>>> print(open('start_28.cif').read())   # mmCIF, C-alpha atoms
data_start
loop_
_atom_site.group_PDB
_atom_site.id
_atom_site.type_symbol
_atom_site.label_atom_id
_atom_site.label_comp_id
_atom_site.auth_asym_id
_atom_site.auth_seq_id
_atom_site.Cartn_x
_atom_site.Cartn_y
_atom_site.Cartn_z
ATOM 1 C CA MET W 1 0.000 0.000 0.000
ATOM 2 C CA ASN W 2 1.446 3.384 -0.920
ATOM 3 C CA GLU W 3 1.893 6.233 1.549
ATOM 4 C CA GLN W 4 -0.794 8.354 -0.057
ATOM 5 C CA VAL W 5 -3.507 5.736 0.522
ATOM 6 C CA LYS W 6 -2.249 5.110 4.031
ATOM 7 C CA ASN W 7 -2.444 8.847 4.771
ATOM 8 C CA LYS W 8 -5.925 9.029 3.305
ATOM 9 C CA ILE W 9 -7.125 6.228 5.598
ATOM 10 C CA ASN W 10 -5.332 7.706 8.603
ATOM 11 C CA ASN W 11 -7.033 11.036 7.935
ATOM 12 C CA LEU W 12 -10.457 9.431 7.758
ATOM 13 C CA ILE W 13 -10.133 7.566 11.043
ATOM 14 C CA GLU W 14 -8.617 10.591 12.753
ATOM 15 C CA LYS W 15 -11.343 12.972 11.632
ATOM 16 C CA ASN W 16 -14.243 10.641 12.360
ATOM 17 C CA ASP W 17 -14.660 9.151 15.834
ATOM 18 C CA VAL W 18 -16.833 6.390 14.432
ATOM 19 C CA CYS W 19 -15.869 5.455 10.913
ATOM 20 C CA LEU W 20 -17.429 2.597 8.940
ATOM 21 C CA PHE W 21 -15.760 1.387 5.755
ATOM 22 C CA MET W 22 -18.660 -0.137 3.869
ATOM 23 C CA LYS W 23 -20.118 -1.095 0.520
ATOM 24 C CA GLY W 24 -22.680 1.581 -0.298
ATOM 25 C CA THR W 25 -23.725 4.448 1.938
ATOM 26 C CA PRO W 26 -25.380 4.478 5.392
ATOM 27 C CA GLU W 27 -28.614 5.468 3.611
ATOM 28 C CA VAL W 28 -28.284 2.862 0.845
ATOM 29 C CA PRO W 29 -25.971 0.014 1.854
ATOM 30 C CA GLN W 30 -25.160 -2.295 -1.044
ATOM 31 C CA CYS W 31 -24.228 -5.441 0.830
ATOM 32 C CA GLY W 32 -26.036 -7.291 3.604
ATOM 33 C CA PHE W 33 -23.038 -7.231 5.935
ATOM 34 C CA SER W 34 -22.555 -3.489 5.558
ATOM 35 C CA LEU W 35 -26.291 -3.045 6.090
ATOM 36 C CA ALA W 36 -26.145 -5.061 9.323
ATOM 37 C CA VAL W 37 -23.365 -2.952 10.844
ATOM 38 C CA ALA W 38 -24.974 0.328 9.714
ATOM 39 C CA ASN W 39 -28.236 -0.833 11.323
ATOM 40 C CA VAL W 40 -26.530 -1.559 14.649
ATOM 41 C CA LEU W 41 -25.022 1.946 14.662
ATOM 42 C CA LYS W 42 -28.328 3.527 13.651
ATOM 43 C CA HIS W 43 -30.139 1.548 16.329
ATOM 44 C CA LEU W 44 -27.726 2.926 18.929
ATOM 45 C CA LYS W 45 -28.149 6.388 17.379
ATOM 46 C CA VAL W 46 -24.390 6.752 17.054
ATOM 47 C CA LYS W 47 -23.147 9.504 14.774
ATOM 48 C CA PHE W 48 -20.888 7.792 12.246
ATOM 49 C CA LYS W 49 -19.179 8.441 8.963
ATOM 50 C CA GLY W 50 -19.764 5.872 6.252
ATOM 51 C CA ILE W 51 -16.971 5.513 3.700
ATOM 52 C CA ASN W 52 -18.252 3.920 0.513
ATOM 53 C CA VAL W 53 -15.378 1.743 -0.687
ATOM 54 C CA LEU W 54 -17.193 1.053 -3.957
ATOM 55 C CA GLU W 55 -16.440 4.648 -4.904
ATOM 56 C CA ASP W 56 -12.735 4.405 -4.175
ATOM 57 C CA GLN W 57 -10.818 1.376 -5.370
ATOM 58 C CA GLU W 58 -7.639 2.498 -3.571
ATOM 59 C CA ILE W 59 -9.393 2.600 -0.221
ATOM 60 C CA ARG W 60 -11.258 -0.625 -0.975
ATOM 61 C CA GLU W 61 -8.000 -2.536 -1.353
ATOM 62 C CA GLY W 62 -5.949 -0.338 0.992
ATOM 63 C CA ILE W 63 -8.160 -0.772 4.048
ATOM 64 C CA LYS W 64 -7.728 -4.565 3.859
ATOM 65 C CA VAL W 65 -3.959 -4.172 4.142
ATOM 66 C CA PHE W 66 -4.202 -1.321 6.641
ATOM 67 C CA SER W 67 -6.301 -3.385 9.071
ATOM 68 C CA ASP W 68 -4.859 -6.769 8.054
ATOM 69 C CA TRP W 69 -8.480 -7.832 7.552
ATOM 70 C CA PRO W 70 -9.722 -9.366 4.292
ATOM 71 C CA THR W 71 -13.334 -8.240 4.207
ATOM 72 C CA ILE W 72 -15.585 -5.189 4.284
ATOM 73 C CA PRO W 73 -17.344 -3.742 6.334
ATOM 74 C CA GLN W 74 -14.760 -2.598 8.873
ATOM 75 C CA LEU W 75 -15.569 -0.472 11.880
ATOM 76 C CA TYR W 76 -13.154 1.956 13.515
ATOM 77 C CA ILE W 77 -13.890 3.685 16.830
ATOM 78 C CA LYS W 78 -11.476 6.457 17.760
ATOM 79 C CA LYS W 79 -8.808 5.026 15.460
ATOM 80 C CA GLU W 80 -9.144 1.513 16.900
ATOM 81 C CA PHE W 81 -10.147 -1.297 14.543
ATOM 82 C CA VAL W 82 -13.103 -2.991 16.206
ATOM 83 C CA GLY W 83 -13.984 -5.647 13.664
ATOM 84 C CA GLY W 84 -16.231 -6.710 10.816
ATOM 85 C CA CYS W 85 -19.890 -7.670 10.746
ATOM 86 C CA ASP W 86 -19.776 -10.836 12.890
ATOM 87 C CA ILE W 87 -17.723 -9.244 15.658
ATOM 88 C CA VAL W 88 -19.742 -6.019 15.741
ATOM 89 C CA LYS W 89 -23.032 -7.943 15.918
ATOM 90 C CA GLU W 90 -21.726 -10.218 18.654
ATOM 91 C CA MET W 91 -20.367 -7.261 20.629
ATOM 92 C CA PHE W 92 -23.703 -5.481 20.302
ATOM 93 C CA GLU W 93 -25.608 -8.539 21.555
ATOM 94 C CA LYS W 94 -23.257 -8.907 24.521
ATOM 95 C CA LYS W 95 -23.444 -5.133 25.183
ATOM 96 C CA GLU W 96 -19.672 -4.929 24.677
ATOM 97 C CA LEU W 97 -20.081 -2.443 21.851
ATOM 98 C CA GLN W 98 -22.135 -0.169 24.091
ATOM 99 C CA LYS W 99 -19.396 -0.490 26.722
ATOM 100 C CA LYS W 100 -16.787 0.505 24.163
ATOM 101 C CA PHE W 101 -18.759 3.628 23.204
ATOM 102 C CA GLU W 102 -19.053 4.422 26.894
ATOM 103 C CA GLU W 103 -15.300 4.003 27.480
ATOM 104 C CA LYS W 104 -14.429 6.107 24.466
ATOM 105 C CA ASN W 105 -16.894 8.865 25.324
ATOM 106 C CA ILE W 106 -19.024 8.398 22.226
ATOM 107 C CA THR W 107 -22.656 9.444 22.593
ATOM 108 C CA TYR W 108 -25.174 6.681 21.946
ATOM 109 C CA ASN W 109 -28.768 5.874 22.802
ATOM 110 C CA LYS W 110 -28.838 3.935 26.058
ATOM 111 C CA ASN W 111 -32.504 2.938 25.853
ATOM 112 C CA MET D 1 -14.512 -19.700 -8.556
ATOM 113 C CA SER D 2 -15.953 -20.995 -5.353
ATOM 114 C CA LEU D 3 -14.895 -23.172 -2.476
ATOM 115 C CA LYS D 4 -16.666 -26.285 -1.318
ATOM 116 C CA ILE D 5 -17.506 -27.053 2.306
ATOM 117 C CA ASN D 6 -14.992 -29.907 2.503
ATOM 118 C CA GLU D 7 -12.204 -27.709 1.103
ATOM 119 C CA ILE D 8 -12.841 -25.018 3.719
ATOM 120 C CA THR D 9 -13.013 -27.627 6.479
ATOM 121 C CA LYS D 10 -9.777 -29.205 5.304
ATOM 122 C CA MET D 11 -7.879 -25.898 5.276
ATOM 123 C CA ILE D 12 -9.034 -25.017 8.782
ATOM 124 C CA LYS D 13 -8.215 -28.483 10.139
ATOM 125 C CA GLU D 14 -4.787 -28.388 8.533
ATOM 126 C CA ALA D 15 -4.057 -25.173 10.391
ATOM 127 C CA PHE D 16 -5.640 -26.232 13.706
ATOM 128 C CA PRO D 17 -5.654 -30.028 13.993
ATOM 129 C CA ASP D 18 -7.695 -29.947 17.218
ATOM 130 C CA ALA D 19 -10.477 -27.890 15.672
ATOM 131 C CA GLU D 20 -14.117 -28.852 15.565
ATOM 132 C CA VAL D 21 -15.457 -27.282 12.403
ATOM 133 C CA LYS D 22 -19.086 -26.912 11.403
ATOM 134 C CA ILE D 23 -19.869 -25.229 8.107
ATOM 135 C CA GLU D 24 -23.210 -24.421 6.548
ATOM 136 C CA ASP D 25 -23.880 -23.262 3.015
ATOM 137 C CA LEU D 26 -26.337 -20.482 3.807
ATOM 138 C CA ALA D 27 -27.655 -19.776 0.341
ATOM 139 C CA GLY D 28 -26.912 -23.089 -1.386
ATOM 140 C CA ASP D 29 -24.637 -21.238 -3.811
ATOM 141 C CA GLU D 30 -21.181 -22.307 -2.537
ATOM 142 C CA ASN D 31 -20.497 -18.650 -1.890
ATOM 143 C CA HIS D 32 -22.181 -17.691 1.397
ATOM 144 C CA TYR D 33 -21.172 -19.846 4.313
ATOM 145 C CA SER D 34 -21.308 -19.786 8.042
ATOM 146 C CA ALA D 35 -18.573 -21.491 10.038
ATOM 147 C CA THR D 36 -18.326 -22.386 13.687
ATOM 148 C CA VAL D 37 -14.784 -23.258 14.705
ATOM 149 C CA LYS D 38 -13.874 -24.544 18.138
ATOM 150 C CA SER D 39 -10.209 -24.806 19.030
ATOM 151 C CA LYS D 40 -7.757 -24.363 21.871
ATOM 152 C CA ILE D 41 -5.747 -22.054 19.658
ATOM 153 C CA PHE D 42 -8.305 -19.293 20.313
ATOM 154 C CA ASN D 43 -7.893 -19.441 24.085
ATOM 155 C CA GLY D 44 -6.976 -16.104 25.597
ATOM 156 C CA LYS D 45 -7.127 -14.255 22.259
ATOM 157 C CA ASN D 46 -9.556 -11.491 21.408
ATOM 158 C CA LYS D 47 -12.150 -11.894 18.654
ATOM 159 C CA ILE D 48 -10.136 -9.968 16.078
ATOM 160 C CA GLU D 49 -7.102 -12.204 16.636
ATOM 161 C CA GLN D 50 -9.308 -15.329 16.557
ATOM 162 C CA HIS D 51 -10.905 -14.385 13.246
ATOM 163 C CA LYS D 52 -7.538 -13.410 11.789
ATOM 164 C CA LEU D 53 -6.218 -16.897 12.582
ATOM 165 C CA VAL D 54 -9.067 -18.441 10.602
ATOM 166 C CA TYR D 55 -8.551 -16.036 7.690
ATOM 167 C CA LYS D 56 -4.863 -16.932 7.736
ATOM 168 C CA ALA D 57 -5.743 -20.639 7.618
ATOM 169 C CA LEU D 58 -7.772 -19.895 4.494
ATOM 170 C CA LYS D 59 -4.624 -18.564 2.846
ATOM 171 C CA GLY D 60 -5.921 -15.432 1.179
ATOM 172 C CA LYS D 61 -9.071 -17.048 -0.172
ATOM 173 C CA MET D 62 -11.279 -15.002 2.150
ATOM 174 C CA GLY D 63 -12.537 -11.980 0.267
ATOM 175 C CA ASN D 64 -11.552 -13.596 -3.015
ATOM 176 C CA GLU D 65 -12.807 -17.083 -3.963
ATOM 177 C CA LEU D 66 -14.675 -17.040 -0.698
ATOM 178 C CA HIS D 67 -17.069 -14.118 -0.774
ATOM 179 C CA ALA D 68 -18.886 -14.482 2.517
ATOM 180 C CA LEU D 69 -18.114 -16.468 5.625
ATOM 181 C CA GLN D 70 -19.986 -15.728 8.809
ATOM 182 C CA LEU D 71 -17.551 -16.675 11.477
ATOM 183 C CA ASN D 72 -18.085 -17.836 15.014
ATOM 184 C CA THR D 73 -14.923 -18.809 16.877
ATOM 185 C CA ILE D 74 -15.157 -20.629 20.198
ATOM 186 C CA GLU D 75 -12.489 -21.278 22.811
ATOM 187 C CA ILE D 76 -12.258 -24.707 24.407
#
>>> encode(input="start_28.cif", output="structure tokens")
Amino acid sequence: MNEQVKNKINNLIEKNDVCLFMKGTPEVPQCGFSLAVANVLKHLKVKFKGINVLEDQEIREGIKVFSDWPTIPQLYIKKEFVGGCDIVKEMFEKKELQKKFEEKNITYNKN
Amino acid sequence: MSLKINEITKMIKEAFPDAEVKIEDLAGDENHYSATVKSKIFNGKNKIEQHKLVYKALKGKMGNELHALQLNTIEI
């Protein structure tokens, strides 16, 4: 991965506390796994930035190397890679995701 | 290109000989699977590390020949 792509990704996760690399947009996800993660975040009313990797081939391939993770979606919270769809769903069900938002001072809906 | 259930099972078992592997073809299309993998190798590791070990066992096929694999890793 070249430096320029790495910088681009670093910028995105620095500027956005909750950053979801996904296929499609939060409004119109284009893959079931991306949809599932976006729905968890929407359910928790977390403000997040969706990065549509289908619109940027460099980021689409770069993020896999950057995170050492072969699939998309990928969720970052305050620059920390949290996981893909299975992990995020499991963490949500076990309330670990909510705990992480709490620890990192991210506002979410507690009801 | 797709991967068959027995090929996925074989790759995982080669990497973790103690593993119990259960794979389901979710859509019947040899492209969307779910896998439950139980192994001692996961003990004491976080979920990201556990899933990475499985992806590593699949030698780069994840995200390529293998489009979708729902993964559930279990410690023994």
>>> residues_around(input="start_28.cif", residues="region 65-80 of chain W", least_positions_apart="5", cutoff="6 Å", atoms="all atoms listed in the file", output="list in words")
Ile13, Asp17, Val18, Cys19, Leu20, Phe21, Met22 and Ser34 of chain W; Gly63 of chain D
>>> atom_distance(input="start_28.cif", atom1="CA of Lys95 (chain W)", atom2="CA of Gly44 (chain D)")
19.8 Å
>>> residues_around(input="start_28.cif", residues="Asn7 (chain W)", least_positions_apart="5", cutoff="12 Å", atoms="only C-alpha atoms", output="short mmCIF file (atom, residue, chain, number, x, y, z; two decimals) with C-alpha atoms, keeping the file's coordinate frame")
data_model
loop_
_atom_site.label_atom_id
_atom_site.label_comp_id
_atom_site.auth_asym_id
_atom_site.auth_seq_id
_atom_site.Cartn_x
_atom_site.Cartn_y
_atom_site.Cartn_z
CA MET W 1 0.00 0.00 0.00
CA ASN W 2 1.45 3.38 -0.92
CA LEU W 12 -10.46 9.43 7.76
CA ILE W 13 -10.13 7.57 11.04
CA GLU W 14 -8.62 10.59 12.75
CA LYS W 15 -11.34 12.97 11.63
CA GLU W 58 -7.64 2.50 -3.57
CA ILE W 59 -9.39 2.60 -0.22
CA GLY W 62 -5.95 -0.34 0.99
CA ILE W 63 -8.16 -0.77 4.05
CA PHE W 66 -4.20 -1.32 6.64
#
>>> closest_residue(input="start_28.cif", among="W:Lys45, W:Lys64, W:Lys6, W:Lys89", to="Lys110 (chain W)", atoms="all atoms listed in the file")
W:Lys45
>>> resolve_selection(input="start_28.cif", expression="the PyMOL selection byres ((chain D) within 8 of (chain W))", output="PDB file with C-alpha atoms, in the frame of the given file")
ATOM      1  CA  LYS D  47     -12.150 -11.894  18.654  1.00  0.00           C
ATOM      2  CA  ILE D  48     -10.136  -9.968  16.078  1.00  0.00           C
ATOM      3  CA  LYS D  52      -7.538 -13.410  11.789  1.00  0.00           C
ATOM      4  CA  TYR D  55      -8.551 -16.036   7.690  1.00  0.00           C
ATOM      5  CA  GLY D  60      -5.921 -15.432   1.179  1.00  0.00           C
ATOM      6  CA  MET D  62     -11.279 -15.002   2.150  1.00  0.00           C
ATOM      7  CA  GLY D  63     -12.537 -11.980   0.267  1.00  0.00           C
ATOM      8  CA  GLN D  70     -19.986 -15.728   8.809  1.00  0.00           C
ATOM      9  CA  LEU D  71     -17.551 -16.675  11.477  1.00  0.00           C
ATOM     10  CA  ASN D  72     -18.085 -17.836  15.014  1.00  0.00           C
TER      11      ASN D  72
END
>>> atom_distance(input="start_28.cif", atom1="CA of Lys23 (chain W)", atom2="CA of Ile51 (chain W)")
8.0 Å
>>> atom_distance(input="start_28.cif", atom1="CA of Ala38 (chain W)", atom2="CA of Phe101 (chain W)")
15.2 Å
>>> residues_around(input="start_28.cif", residues="Thr107 (chain W)", least_positions_apart="4", cutoff="10 Å", atoms="all atoms listed in the file", output="MDAnalysis selection string")
chainID W and resid 44:47 98 101:102
>>> axis_aligned_box(input="start_28.cif", around="region 63-75 of chain W", padding_each_side="8 Å", output="lines of an AutoDock Vina configuration file")
center_x = -10.7
center_y = -4.9
center_z = 7.9
size_x = 29.4
size_y = 24.9
size_z = 24.0
>>> resolve_selection(input="start_28.cif", expression="the PyMOL selection byres ((chain D and resi 12-18) around 8)", output="NGL selection string")
:D and (8-11 or 19-21 or 39-41 or 54 or 57-58)
>>> resolve_selection(input="start_28.cif", expression="the PyMOL selection byres ((chain D and resi 66) around 10)", output="PyMOL selection string")
chain D and resi 1-4+8+30-33+58+60-65+67-69
>>> write_last_selection(input="start_28.cif", atoms="C-alpha atoms", output="compact mmCIF listing (two decimals), in the coordinates of the input")
# COMPACT_ATOMS: atom_id res chain seq x y z
CA MET D 1 -14.51 -19.70 -8.56
CA SER D 2 -15.95 -21.00 -5.35
CA LEU D 3 -14.90 -23.17 -2.48
CA LYS D 4 -16.67 -26.28 -1.32
CA ILE D 8 -12.84 -25.02 3.72
CA GLU D 30 -21.18 -22.31 -2.54
CA ASN D 31 -20.50 -18.65 -1.89
CA HIS D 32 -22.18 -17.69 1.40
CA TYR D 33 -21.17 -19.85 4.31
CA LEU D 58 -7.77 -19.90 4.49
CA GLY D 60 -5.92 -15.43 1.18
CA LYS D 61 -9.07 -17.05 -0.17
CA MET D 62 -11.28 -15.00 2.15
CA GLY D 63 -12.54 -11.98 0.27
CA ASN D 64 -11.55 -13.60 -3.02
CA GLU D 65 -12.81 -17.08 -3.96
CA HIS D 67 -17.07 -14.12 -0.77
CA ALA D 68 -18.89 -14.48 2.52
CA LEU D 69 -18.11 -16.47 5.62
>>> closest_residue(input="start_28.cif", among="W:Glu93, W:His43, W:Asp56, W:Asn109", to="Lys8 (chain W)", atoms="all atoms listed in the file")
W:Asp56
>>> closest_residue(input="start_28.cif", among="D:Glu75, D:Leu53, D:Lys59, D:Ile5", to="Asp29 (chain D)", atoms="all atoms listed in the file")
D:Ile5
